[in-house]
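S.K.: Just so it is clear, I am handing over work-v2.csv, which has CSV, C-alpha atoms and all ligand atoms.
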```
chain,number,residue,atom,x,y,z
S,1,MET,CA,3.6,-19.6,-1.4
S,2,LEU,CA,1.9,-16.2,-1.2
S,3,TYR,CA,4.4,-14.7,-3.6
S,4,THR,CA,3.8,-17.5,-6.2
S,5,ASN,CA,0.1,-16.9,-5.8
S,6,LEU,CA,0.5,-13.2,-6.3
S,7,HIS,CA,2.2,-13.8,-9.6
S,8,GLU,CA,-0.7,-16.0,-10.6
S,9,ILE,CA,-3.4,-13.5,-9.4
S,10,SER,CA,-1.7,-10.7,-11.4
S,11,ARG,CA,-2.2,-12.8,-14.6
S,12,GLN,CA,-5.9,-13.6,-13.8
S,13,GLY,CA,-7.4,-10.5,-12.3
S,14,VAL,CA,-6.8,-7.5,-10.1
S,15,MET,CA,-7.4,-7.6,-6.3
S,16,PHE,CA,-9.1,-4.7,-4.6
S,17,GLY,CA,-7.5,-3.2,-1.4
S,18,HIS,CA,-8.6,-0.6,1.2
S,19,GLN,CA,-6.7,1.1,4.0
S,20,ASP,CA,-8.0,0.6,7.5
S,21,ASP,CA,-11.0,-1.2,6.2
S,22,GLN,CA,-12.1,-2.9,9.4
S,23,ALA,CA,-11.0,-0.2,11.8
S,24,TYR,CA,-13.5,2.5,10.9
S,25,GLY,CA,-15.7,3.8,8.2
S,26,LEU,CA,-18.0,6.7,7.5
S,27,GLY,CA,-20.0,7.2,10.7
S,28,TRP,CA,-18.6,4.2,12.7
S,29,TRP,CA,-15.6,3.3,14.6
S,30,ASP,CA,-14.1,0.0,15.6
S,31,LYS,CA,-17.3,-2.2,15.2
S,32,LYS,CA,-16.8,-5.9,15.2
S,33,GLY,CA,-16.6,-7.1,11.6
S,34,ARG,CA,-17.9,-3.9,10.0
S,35,SER,CA,-16.4,-2.7,6.7
S,36,ASP,CA,-17.8,-0.1,4.3
S,37,VAL,CA,-16.6,-2.2,1.4
S,38,LYS,CA,-18.4,-5.3,2.7
S,39,GLU,CA,-21.6,-3.4,3.4
S,40,VAL,CA,-21.8,-2.4,-0.3
S,41,THR,CA,-20.4,-5.4,-2.0
S,42,GLY,CA,-20.9,-8.3,0.4
S,43,SER,CA,-17.2,-9.0,0.6
S,44,TYR,CA,-14.2,-7.6,2.4
S,45,PRO,CA,-11.5,-6.3,0.1
S,46,SER,CA,-8.7,-8.8,-0.7
S,47,ILE,CA,-5.9,-6.5,0.4
S,48,HIS,CA,-6.1,-4.8,3.8
S,49,GLY,CA,-3.8,-1.8,4.3
S,50,TRP,CA,-2.5,-0.8,7.8
S,51,ASP,CA,0.0,1.7,9.0
S,52,LEU,CA,2.5,1.4,11.8
S,53,GLY,CA,3.3,5.1,12.1
S,54,ASP,CA,3.8,6.0,15.9
S,55,ILE,CA,4.6,2.4,16.9
S,56,GLY,CA,6.7,2.4,20.0
S,57,LEU,CA,5.7,6.0,20.7
S,58,SER,CA,2.0,5.6,21.4
S,59,PRO,CA,-0.6,2.8,21.8
S,60,PHE,CA,-2.3,4.3,18.7
S,61,ASN,CA,-1.1,4.8,15.2
S,62,LEU,CA,-1.0,8.2,13.6
S,63,ASP,CA,-4.6,7.8,12.5
S,64,THR,CA,-5.7,6.7,16.0
S,65,VAL,CA,-6.0,3.0,15.3
S,66,ASP,CA,-4.9,1.1,18.4
S,67,PHE,CA,-2.2,-1.4,17.7
S,68,GLY,CA,-3.8,-4.2,19.7
S,69,SER,CA,-6.9,-4.1,17.6
S,70,MET,CA,-4.9,-3.8,14.4
S,71,ARG,CA,-3.1,-7.1,15.3
S,72,LYS,CA,-6.5,-8.7,15.9
S,73,TRP,CA,-7.8,-7.5,12.5
S,74,ILE,CA,-4.5,-8.6,10.7
S,75,LYS,CA,-5.0,-12.1,12.2
S,76,ALA,CA,-8.7,-12.2,11.3
S,77,THR,CA,-7.9,-11.1,7.8
S,78,TYR,CA,-5.3,-13.9,7.5
S,79,LYS,CA,-7.7,-16.5,8.8
S,80,ARG,CA,-10.4,-15.5,6.3
S,81,GLY,CA,-7.9,-15.7,3.5
S,82,GLY,CA,-7.3,-12.0,2.9
S,83,ILE,CA,-3.9,-10.3,2.6
S,84,ASN,CA,-2.4,-7.7,4.8
S,85,THR,CA,0.0,-4.9,3.7
S,86,ILE,CA,1.7,-2.4,6.1
S,87,SER,CA,3.0,1.0,5.4
S,88,TRP,CA,5.0,3.1,7.9
S,89,HIS,CA,4.4,6.8,8.3
S,90,LEU,CA,7.1,6.9,10.9
S,91,ASP,CA,8.1,10.0,12.9
S,92,ASN,CA,11.3,11.9,12.1
S,93,PRO,CA,13.8,10.3,14.5
S,94,LYS,CA,16.0,13.4,14.4
S,95,SER,CA,13.5,16.1,15.2
S,96,GLY,CA,10.7,14.1,16.9
S,97,GLY,CA,8.3,15.6,14.3
S,98,SER,CA,6.0,13.6,12.1
S,99,SER,CA,6.7,12.0,8.7
S,100,TRP,CA,6.0,15.3,7.1
S,101,ASP,CA,8.7,17.1,9.2
S,102,LYS,CA,11.4,17.5,6.6
S,103,THR,CA,14.3,18.1,8.9
S,104,PRO,CA,17.1,16.2,7.2
S,105,ALA,CA,17.5,13.0,9.1
S,106,VAL,CA,18.4,10.0,6.9
S,107,LYS,CA,22.1,10.3,7.3
S,108,ASP,CA,21.7,10.7,11.1
S,109,VAL,CA,19.5,7.7,11.3
S,110,LEU,CA,22.1,5.4,9.8
S,111,PRO,CA,24.6,3.5,12.1
S,112,GLY,CA,26.9,6.0,13.8
S,113,GLY,CA,24.5,8.9,13.3
S,114,VAL,CA,23.0,11.0,16.2
S,115,ALA,CA,19.5,9.8,15.6
S,116,HIS,CA,20.4,6.1,15.2
S,117,GLU,CA,19.3,5.1,18.7
S,118,ALA,CA,16.0,7.0,18.3
S,119,TYR,CA,15.4,5.2,15.0
S,120,LEU,CA,16.2,1.8,16.5
S,121,ARG,CA,13.5,2.4,19.2
S,122,GLN,CA,10.9,2.8,16.5
S,123,LEU,CA,12.3,0.0,14.4
S,124,ASN,CA,12.4,-2.4,17.3
S,125,ALA,CA,8.9,-1.6,18.2
S,126,LEU,CA,7.9,-2.3,14.6
S,127,ALA,CA,9.8,-5.6,14.7
S,128,ASP,CA,8.1,-6.6,17.9
S,129,PHE,CA,4.7,-5.9,16.3
S,130,LEU,CA,5.5,-7.8,13.2
S,131,ARG,CA,6.8,-10.8,15.2
S,132,SER,CA,3.6,-10.8,17.1
S,133,CYS,CA,1.4,-11.1,14.0
S,134,LYS,CA,1.0,-14.9,14.3
S,135,ALA,CA,-1.8,-17.4,13.9
S,136,GLY,CA,-0.8,-20.2,16.3
S,137,PHE,CA,2.8,-20.8,15.5
S,138,THR,CA,2.6,-19.5,11.9
S,139,LYS,CA,3.9,-16.0,11.3
S,140,ILE,CA,1.4,-14.2,9.1
S,141,PRO,CA,2.9,-13.2,5.7
S,142,ILE,CA,2.8,-9.4,5.4
S,143,ILE,CA,3.6,-7.1,2.5
S,144,PHE,CA,5.7,-4.4,4.1
S,145,ARG,CA,5.9,-1.0,2.3
S,146,PRO,CA,8.3,1.3,4.1
S,147,PHE,CA,9.6,4.7,3.0
S,148,HIS,CA,7.0,5.1,0.3
S,149,GLU,CA,6.7,8.0,-2.2
S,150,HIS,CA,10.4,8.7,-1.7
S,151,ASN,CA,10.7,10.5,-5.1
S,152,GLY,CA,8.3,13.2,-3.7
S,153,ASP,CA,9.5,15.8,-1.2
S,154,TRP,CA,6.8,15.6,1.4
S,155,PHE,CA,8.3,13.1,3.8
S,156,TRP,CA,11.6,13.4,5.6
S,157,TRP,CA,13.0,10.4,3.6
S,158,GLY,CA,12.0,12.1,0.3
S,159,LYS,CA,13.9,13.6,-2.5
S,160,GLY,CA,15.8,16.7,-1.6
S,161,HIS,CA,16.0,15.8,2.2
S,162,CYS,CA,18.6,13.1,1.7
S,163,THR,CA,20.8,11.8,-1.2
S,164,GLU,CA,19.7,8.9,-3.3
S,165,GLU,CA,22.5,6.8,-1.7
S,166,GLU,CA,21.4,7.7,1.8
S,167,TYR,CA,17.9,6.6,0.9
S,168,LYS,CA,19.1,3.2,-0.4
S,169,ALA,CA,21.3,2.8,2.7
S,170,LEU,CA,18.2,3.4,4.9
S,171,TRP,CA,16.2,0.8,3.1
S,172,LYS,CA,19.0,-1.8,3.2
S,173,PHE,CA,19.8,-1.1,6.8
S,174,THR,CA,16.2,-1.5,7.8
S,175,ALA,CA,15.6,-4.8,5.8
S,176,ASP,CA,18.9,-6.3,7.0
S,177,TYR,CA,18.2,-5.4,10.6
S,178,LEU,CA,14.7,-6.9,10.5
S,179,LYS,CA,16.1,-10.1,8.9
S,180,ASN,CA,19.4,-10.6,10.6
S,181,LYS,CA,19.0,-8.9,14.0
S,182,ARG,CA,15.3,-9.5,14.5
S,183,ASN,CA,14.9,-12.8,12.6
S,184,ILE,CA,11.9,-11.6,10.6
S,185,HIS,CA,11.4,-13.6,7.4
S,186,HIS,CA,7.6,-13.3,6.8
S,187,LEU,CA,7.7,-10.1,4.8
S,188,LEU,CA,7.5,-9.2,1.2
S,189,TYR,CA,8.9,-5.8,0.5
S,190,ALA,CA,7.1,-3.3,-1.7
S,191,PHE,CA,8.8,-0.4,-3.3
S,192,SER,CA,6.4,2.4,-4.2
S,193,PRO,CA,7.4,5.8,-5.7
S,194,ASP,CA,4.8,8.4,-6.5
S,195,ARG,CA,3.6,8.9,-10.0
S,196,SER,CA,3.1,12.7,-9.6
S,197,ARG,CA,6.9,13.0,-9.4
S,198,LEU,CA,7.8,10.3,-11.9
S,199,ASP,CA,8.6,11.6,-15.4
S,200,LEU,CA,6.9,8.9,-17.7
S,201,SER,CA,9.0,10.0,-20.6
S,202,LYS,CA,12.1,8.8,-18.7
S,203,GLY,CA,10.4,5.4,-18.0
S,204,ALA,CA,12.4,2.9,-16.0
S,205,GLU,CA,15.2,5.3,-15.2
S,206,ALA,CA,12.8,7.5,-13.3
S,207,TYR,CA,11.2,4.5,-11.6
S,208,PHE,CA,14.5,3.3,-10.3
S,209,TYR,CA,15.4,6.4,-8.3
S,210,GLY,CA,16.2,5.1,-4.9
S,211,TYR,CA,15.8,1.4,-5.8
S,212,PRO,CA,17.8,-0.5,-3.2
S,213,GLY,CA,18.4,-3.6,-5.4
S,214,ASP,CA,16.6,-6.7,-6.5
S,215,GLU,CA,17.4,-8.6,-3.4
S,216,TYR,CA,15.6,-6.0,-1.3
S,217,VAL,CA,12.4,-5.7,-3.2
S,218,ASP,CA,9.6,-8.1,-4.1
S,219,ILE,CA,6.7,-5.9,-5.2
S,220,ILE,CA,7.2,-3.3,-8.0
S,221,GLY,CA,4.7,-0.8,-6.7
S,222,LEU,CA,3.4,2.6,-7.6
S,223,ASP,CA,1.3,5.2,-5.8
S,224,ASN,CA,-0.8,7.0,-8.4
S,225,TYR,CA,-3.5,9.4,-7.4
S,226,TRP,CA,-2.4,11.7,-10.2
S,227,ASP,CA,-3.8,10.2,-13.4
S,228,VAL,CA,-7.1,9.3,-11.9
S,229,GLY,CA,-8.6,12.7,-11.4
S,230,HIS,CA,-6.3,14.5,-9.0
S,231,GLY,CA,-7.4,18.1,-8.5
S,232,TYR,CA,-4.1,19.6,-9.6
S,233,ASN,CA,-3.8,17.5,-12.8
S,234,LYS,CA,-5.1,19.7,-15.6
S,235,ASN,CA,-4.7,17.1,-18.3
S,236,THR,CA,-7.8,15.9,-20.1
S,237,LEU,CA,-9.5,12.7,-19.0
S,238,GLU,CA,-8.1,11.0,-22.1
S,239,GLN,CA,-4.6,12.1,-21.4
S,240,GLN,CA,-4.9,11.0,-17.7
S,241,GLU,CA,-6.1,7.6,-18.8
S,242,LYS,CA,-3.2,7.2,-21.2
S,243,ASP,CA,-0.8,8.2,-18.5
S,244,LEU,CA,-2.3,5.8,-16.0
S,245,VAL,CA,-2.0,3.0,-18.5
S,246,GLU,CA,1.6,4.0,-19.3
S,247,SER,CA,2.5,4.1,-15.7
S,248,LEU,CA,1.0,0.6,-15.1
S,249,SER,CA,2.6,-0.8,-18.2
S,250,LEU,CA,6.0,0.6,-16.9
S,251,ILE,CA,5.7,-1.3,-13.6
S,252,ASP,CA,4.3,-4.4,-15.4
S,253,ARG,CA,7.3,-4.4,-17.7
S,254,ILE,CA,9.8,-3.9,-14.8
S,255,ALA,CA,8.2,-6.6,-12.7
S,256,ALA,CA,8.2,-9.1,-15.6
S,257,GLU,CA,11.9,-8.5,-16.4
S,258,LYS,CA,12.7,-9.0,-12.7
S,259,LYS,CA,10.3,-11.8,-12.1
S,260,LYS,CA,8.6,-9.7,-9.4
S,261,VAL,CA,4.9,-8.6,-8.9
S,262,ALA,CA,3.5,-5.2,-9.9
S,263,ALA,CA,0.8,-3.4,-7.9
S,264,LEU,CA,-0.9,-0.1,-7.7
S,265,THR,CA,-0.1,0.3,-4.1
S,266,GLU,CA,-2.1,3.5,-3.5
S,267,THR,CA,-4.7,5.3,-5.6
S,268,GLY,CA,-8.1,6.8,-5.1
S,269,HIS,CA,-10.3,9.8,-5.5
S,270,SER,CA,-11.0,11.5,-2.2
S,271,GLY,CA,-14.7,12.2,-1.6
S,272,LEU,CA,-15.9,10.3,-4.8
S,273,LYS,CA,-17.5,13.4,-6.3
S,274,GLU,CA,-17.1,11.5,-9.6
S,275,THR,CA,-19.7,8.9,-8.8
S,276,ASP,CA,-18.6,6.6,-11.6
S,277,TRP,CA,-14.9,6.8,-10.6
S,278,PHE,CA,-14.4,3.1,-10.0
S,279,THR,CA,-15.7,1.9,-13.3
S,280,THR,CA,-14.4,4.8,-15.5
S,281,ARG,CA,-11.1,5.7,-14.0
S,282,ILE,CA,-9.9,2.2,-12.9
S,283,LEU,CA,-12.0,-0.6,-14.3
S,284,LYS,CA,-12.2,0.7,-17.9
S,285,PRO,CA,-8.5,1.1,-18.5
S,286,LEU,CA,-7.8,-2.2,-16.8
S,287,ARG,CA,-10.4,-3.9,-18.9
S,288,GLU,CA,-9.1,-2.4,-22.1
S,289,HIS,CA,-5.5,-3.5,-21.2
S,290,GLU,CA,-6.1,-7.0,-19.7
S,291,ASP,CA,-2.5,-7.9,-20.6
S,292,LEU,CA,-1.4,-5.7,-17.8
S,293,ARG,CA,-0.3,-7.9,-14.8
S,294,ILE,CA,-1.3,-5.8,-11.8
S,295,ALA,CA,-1.9,-7.8,-8.7
S,296,TRP,CA,-3.8,-5.2,-6.8
S,297,VAL,CA,-5.2,-1.7,-6.6
S,298,LEU,CA,-5.5,-0.2,-3.1
S,299,VAL,CA,-7.5,2.9,-2.2
S,300,TRP,CA,-7.0,4.9,0.9
S,301,ARG,CA,-9.0,5.3,4.1
S,302,ASN,CA,-12.6,6.3,4.9
S,303,ARG,CA,-11.9,8.9,7.5
S,304,HIS,CA,-14.7,11.4,7.3
S,305,LYS,CA,-17.1,12.9,4.8
S,306,ASN,CA,-14.5,14.9,3.0
S,307,HIS,CA,-11.8,12.3,3.1
S,308,PHE,CA,-12.9,8.8,2.0
S,309,TYR,CA,-12.2,6.5,-0.9
S,310,THR,CA,-14.9,3.8,-1.0
S,311,PRO,CA,-18.6,4.7,-1.0
S,312,PRO,CA,-20.6,3.8,2.1
S,313,LYS,CA,-24.0,2.2,1.6
S,314,GLY,CA,-26.5,4.6,0.1
S,315,HIS,CA,-23.9,6.9,-1.3
S,316,PRO,CA,-24.4,8.0,-5.0
S,317,ALA,CA,-21.2,6.1,-6.0
S,318,ALA,CA,-22.3,2.9,-4.3
S,319,GLY,CA,-24.0,1.4,-7.4
S,320,ASP,CA,-20.9,2.1,-9.5
S,321,PHE,CA,-18.7,0.4,-6.8
S,322,GLN,CA,-21.0,-2.6,-7.0
S,323,LYS,CA,-20.5,-2.8,-10.7
S,324,PHE,CA,-16.8,-2.7,-10.1
S,325,PHE,CA,-17.1,-5.5,-7.7
S,326,ASN,CA,-19.3,-7.6,-10.1
S,327,ASP,CA,-16.9,-7.3,-13.0
S,328,PRO,CA,-15.1,-10.6,-13.7
S,329,LEU,CA,-11.7,-8.8,-13.5
S,330,THR,CA,-11.9,-7.5,-9.9
S,331,LEU,CA,-11.1,-9.9,-7.1
S,332,PHE,CA,-12.3,-9.3,-3.5
S,333,GLU,CA,-11.7,-11.5,-0.5
S,334,ASN,CA,-14.6,-13.8,-1.2
S,335,ASN,CA,-13.1,-14.6,-4.6
S,336,LEU,CA,-9.9,-16.0,-3.3
S,337,ARG,CA,-9.2,-19.5,-1.9
S,338,ASN,CA,-6.0,-20.9,-0.5
S,339,VAL,CA,-4.0,-17.7,-1.2
S,340,TYR,CA,-1.3,-18.9,1.3
S,341,LYS,CA,-1.2,-22.5,0.0
S,342,ALA,CA,-0.7,-24.6,-3.1
S,343,GLY,CA,-4.1,-25.2,-4.7
S,344,PHE,CA,-4.9,-21.6,-4.9
S,345,GLU,CA,-8.1,-20.8,-6.7
S,346,ILE,CA,-10.2,-17.9,-7.9
S,347,ILE,CA,-14.0,-18.3,-7.4
S,348,LYS,CA,-16.0,-15.7,-9.2
Q,401,LIG,C1,-3.0,10.7,4.3
Q,401,LIG,C2,-4.2,11.2,5.1
Q,401,LIG,C3,-3.8,11.5,6.5
Q,401,LIG,C4,-3.1,10.3,7.1
Q,401,LIG,C5,-2.0,9.7,6.2
Q,401,LIG,C6,-1.4,8.4,6.8
Q,401,LIG,O1,-3.3,10.4,3.0
Q,401,LIG,O2,-5.2,10.1,5.1
Q,401,LIG,O3,-4.9,11.9,7.2
Q,401,LIG,O4,-2.6,10.6,8.4
Q,401,LIG,O5,-2.5,9.5,4.9
Q,401,LIG,O6,-2.4,7.4,6.8
```
So, in terms of structure tokens, how does the structure I just supplied come out?
M.R.:
Amino acid sequence: MLYTNLHEISRQGVMFGHQDDQAYGLGWWDKKGRSDVKEVTGSYPSIHGWDLGDIGLSPFNLDTVDFGSMRKWIKATYKRGGINTISWHLDNPKSGGSSWDKTPAVKDVLPGGVAHEAYLRQLNALADFLRSCKAGFTKIPIIFRPFHEHNGDWFWWGKGHCTEEEYKALWKFTADYLKNKRNIHHLLYAFSPDRSRLDLSKGAEAYFYGYPGDEYVDIIGLDNYWDVGHGYNKNTLEQQEKDLVESLSLIDRIAAEKKKVAALTETGHSGLKETDWFTTRILKPLREHEDLRIAWVLVWRNRHKNHFYTPPKGHPAAGDFQKFFNDPLTLFENNLRNVYKAGFEIIK
């Protein structure tokens, strides 16, 4: 039902998402019910991003969120009617280094490889966690977004550190293992290349690098920090806006052809020095292209004063974020009813 409703949402508006929203914010840590987004807008975001990096290796994820609390927040989100998505910055099973340790590993992680057992330890811990995300007897639907930004070269599963075929094999092995060996059927799978390494002039051909197949993907995602004011992007504002729209229309087209859902799975402007970032860089292009069916836009985490993506109360960008929230197009948690059921409604 969630998937049907995501299709519907993408036609009616754009949900807002935030990574680690309830876990911490600027100047606070693990406070019951707190959220920087809610403190400015009055609502939690619709989409709550979490990351299972370091599961099975530590009680805390790579960003020091403890997994027990994460499970509690996932459950609370589900009960309020919000949606959870999980990414996985998993350690390199071959070297024991982080996601950013580029020691080639994908071939060795596959069955028969020297790092297969080490990979299974992380994968089984991930499976245990996902199985434990329950409300009563109901398994909480989760959007799972593994091995993201694979067309970039910064993670060990990225381009240049394995072949395209090995990447696809890793994805398929993982999804098949979760379904068939661990009996996990409450996930929607999101595929999310990175725009900075996606040649827009090549369109779908570039997008499909590493695509494991229609039966393995539900969400046609994209991570795009590039066309929204990335420090290294020297294109004019106008050009960036055009490229953002083109990248979104690419995923919209692909999703429509395949009857899947498109989403901007990561974006943001770290530090919000452009205080009208939300309305000018995101809302304006979306408003001017309301035909785009993008189900959500998720910004990254509020870690510290130089690395945050939503303004805390009193910040110079807070008024602009409120405008973003008030716009009829954007959907926050308070705007959704029955997202897991028939009879889904938007209240705005
Ligand atoms: C990056 C930064 C890192 C973090 C990683 C995974 O963008 O926020 O500090 O560890 O994402 O969440």
S.K.: Select from chain S every residue with an atom at most 9 Å from any atom of ligand LIG 401 (chain Q), then for each give the shortest pair of atoms and their distance in Å to one decimal, using only C-alpha atoms and all ligand atoms, rows by chain and rising number, as a Markdown table.
M.R.:
```
| residue | atom | partner | partner_atom | distance |
| --- | --- | --- | --- | --- |
| S:Gln19 | CA | Q:LIG401 | O6 | 8.1 |
| S:Asp20 | CA | Q:LIG401 | O6 | 8.8 |
| S:Trp50 | CA | Q:LIG401 | O6 | 8.3 |
| S:Asp51 | CA | Q:LIG401 | O6 | 6.6 |
| S:Gly53 | CA | Q:LIG401 | C6 | 7.8 |
| S:Asn61 | CA | Q:LIG401 | O6 | 8.9 |
| S:Leu62 | CA | Q:LIG401 | O4 | 5.9 |
| S:Asp63 | CA | Q:LIG401 | O4 | 5.4 |
| S:Ser87 | CA | Q:LIG401 | O6 | 8.5 |
| S:Trp88 | CA | Q:LIG401 | C6 | 8.4 |
| S:His89 | CA | Q:LIG401 | C6 | 6.2 |
| S:Trp300 | CA | Q:LIG401 | O2 | 6.9 |
| S:Arg301 | CA | Q:LIG401 | O2 | 6.2 |
| S:Asn302 | CA | Q:LIG401 | O2 | 8.3 |
| S:Arg303 | CA | Q:LIG401 | O2 | 7.2 |
| S:His307 | CA | Q:LIG401 | O2 | 7.2 |
| S:Phe308 | CA | Q:LIG401 | O2 | 8.4 |
```
S.K.: Quick one: pull the distance between atom CA of Val37 of chain S and atom CA of Thr310 of chain S, Å, one decimal.
M.R.: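 Spanning atom CA of Val37 of chain S to atom CA of Thr310 of chain S is a straight-line distance of 6.7 Å.
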S.K.: Restricting the calculation to only C-alpha atoms: of S:Ala169, S:Ile294, S:Met70, S:Leu264, which residue gets closest to Asp223 of chain S?
M.R.: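 Going through S:Ala169, S:Ile294, S:Met70, S:Leu264 one by one, the smallest distance to Asp223 of chain S is for S:Leu264.
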S.K.: So that I can see what lies close to segment 91-99 of chain S, please list as a PDB file with C-alpha atoms, in the frame of the given file the residues with an atom at most 9 Å from it, counting only C-alpha atoms and leaving out residues fewer than 4 positions away in the same chain.
M.R.:
```
ATOM      1  CA  GLY S  53       3.300   5.100  12.100  1.00  0.00           C
ATOM      2  CA  ASP S  54       3.800   6.000  15.900  1.00  0.00           C
ATOM      3  CA  LEU S  62      -1.000   8.200  13.600  1.00  0.00           C
ATOM      4  CA  THR S 103      14.300  18.100   8.900  1.00  0.00           C
ATOM      5  CA  PRO S 104      17.100  16.200   7.200  1.00  0.00           C
ATOM      6  CA  ALA S 105      17.500  13.000   9.100  1.00  0.00           C
ATOM      7  CA  VAL S 106      18.400  10.000   6.900  1.00  0.00           C
ATOM      8  CA  ASP S 108      21.700  10.700  11.100  1.00  0.00           C
ATOM      9  CA  VAL S 109      19.500   7.700  11.300  1.00  0.00           C
ATOM     10  CA  VAL S 114      23.000  11.000  16.200  1.00  0.00           C
ATOM     11  CA  ALA S 115      19.500   9.800  15.600  1.00  0.00           C
ATOM     12  CA  HIS S 116      20.400   6.100  15.200  1.00  0.00           C
ATOM     13  CA  GLU S 117      19.300   5.100  18.700  1.00  0.00           C
ATOM     14  CA  ALA S 118      16.000   7.000  18.300  1.00  0.00           C
ATOM     15  CA  TYR S 119      15.400   5.200  15.000  1.00  0.00           C
ATOM     16  CA  GLN S 122      10.900   2.800  16.500  1.00  0.00           C
ATOM     17  CA  TRP S 154       6.800  15.600   1.400  1.00  0.00           C
ATOM     18  CA  PHE S 155       8.300  13.100   3.800  1.00  0.00           C
ATOM     19  CA  TRP S 156      11.600  13.400   5.600  1.00  0.00           C
ATOM     20  CA  TRP S 157      13.000  10.400   3.600  1.00  0.00           C
TER      21      TRP S 157
END
```
S.K.: When distances are computed from all atoms listed in the file, which of S:Gly268, S:Gly17, S:Gly27, S:Gly229 shows the smallest separation from Asn84 of chain S?
M.R.: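 For Asn84 of chain S, the nearest of the given residues is S:Gly17.
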S.K.: Measuring atom to atom with only C-alpha atoms, identify which of S:Tyr3, S:Phe16, S:Tyr24, S:Tyr78 is nearest to Asp327 of chain S.
M.R.: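 Of S:Tyr3, S:Phe16, S:Tyr24, S:Tyr78, the one nearest Asp327 of chain S is S:Phe16, counting only C-alpha atoms.
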S.K.: Work out how far atom CA of Lys75 of chain S is from atom CA of Ala135 of chain S, in Å to one decimal.
M.R.: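 Separating atom CA of Ala135 of chain S from atom CA of Lys75 of chain S is a distance of 6.4 Å.
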S.K.: Taking 4 positions as the minimum chain separation for residues in the same chain, which residues sit within 12 Å of His185 of chain S when counting only C-alpha atoms? Answer as JSON, numbers by chain.
M.R.: {"S": [127, 130, 131, 138, 139, 140, 141, 142, 143, 144, 175, 176, 177, 178, 179, 180, 181, 189]}
S.K.: Please complete segment 121-134 of chain S so it has N, CA and C atoms, and hand it over as a tab-separated table (two decimals), in the frame of the given file.
M.R.:
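So the final result, stored in out.tsv, reads:
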```tsv
chain	number	residue	atom	x	y	z
S	121	ARG	N	14.66	2.61	18.27
S	121	ARG	CA	13.50	2.40	19.20
S	121	ARG	C	12.23	2.22	18.36
S	122	GLN	N	12.06	2.99	17.30
S	122	GLN	CA	10.90	2.80	16.50
S	122	GLN	C	10.94	1.49	15.69
S	123	LEU	N	12.14	1.20	15.17
S	123	LEU	CA	12.30	0.00	14.40
S	123	LEU	C	12.11	-1.28	15.20
S	124	ASN	N	12.63	-1.26	16.42
S	124	ASN	CA	12.40	-2.40	17.30
S	124	ASN	C	10.98	-2.62	17.67
S	125	ALA	N	10.28	-1.51	17.87
S	125	ALA	CA	8.90	-1.60	18.20
S	125	ALA	C	8.10	-2.17	16.98
S	126	LEU	N	8.50	-1.74	15.80
S	126	LEU	CA	7.90	-2.30	14.60
S	126	LEU	C	8.17	-3.77	14.47
S	127	ALA	N	9.42	-4.15	14.76
S	127	ALA	CA	9.80	-5.60	14.70
S	127	ALA	C	9.00	-6.39	15.70
S	128	ASP	N	8.84	-5.85	16.91
S	128	ASP	CA	8.10	-6.60	17.90
S	128	ASP	C	6.63	-6.81	17.42
S	129	PHE	N	6.06	-5.76	16.83
S	129	PHE	CA	4.70	-5.90	16.30
S	129	PHE	C	4.63	-6.94	15.23
S	130	LEU	N	5.56	-6.87	14.28
S	130	LEU	CA	5.50	-7.80	13.20
S	130	LEU	C	5.69	-9.25	13.65
S	131	ARG	N	6.58	-9.42	14.64
S	131	ARG	CA	6.80	-10.80	15.20
S	131	ARG	C	5.55	-11.28	15.91
S	132	SER	N	4.74	-10.33	16.41
S	132	SER	CA	3.60	-10.80	17.10
S	132	SER	C	2.37	-11.07	16.23
S	133	CYS	N	2.53	-10.82	14.93
S	133	CYS	CA	1.40	-11.10	14.00
S	133	CYS	C	1.50	-12.61	13.64
S	134	LYS	N	0.88	-13.42	14.46
S	134	LYS	CA	1.00	-14.90	14.30
S	134	LYS	C	-0.43	-15.48	14.41
```
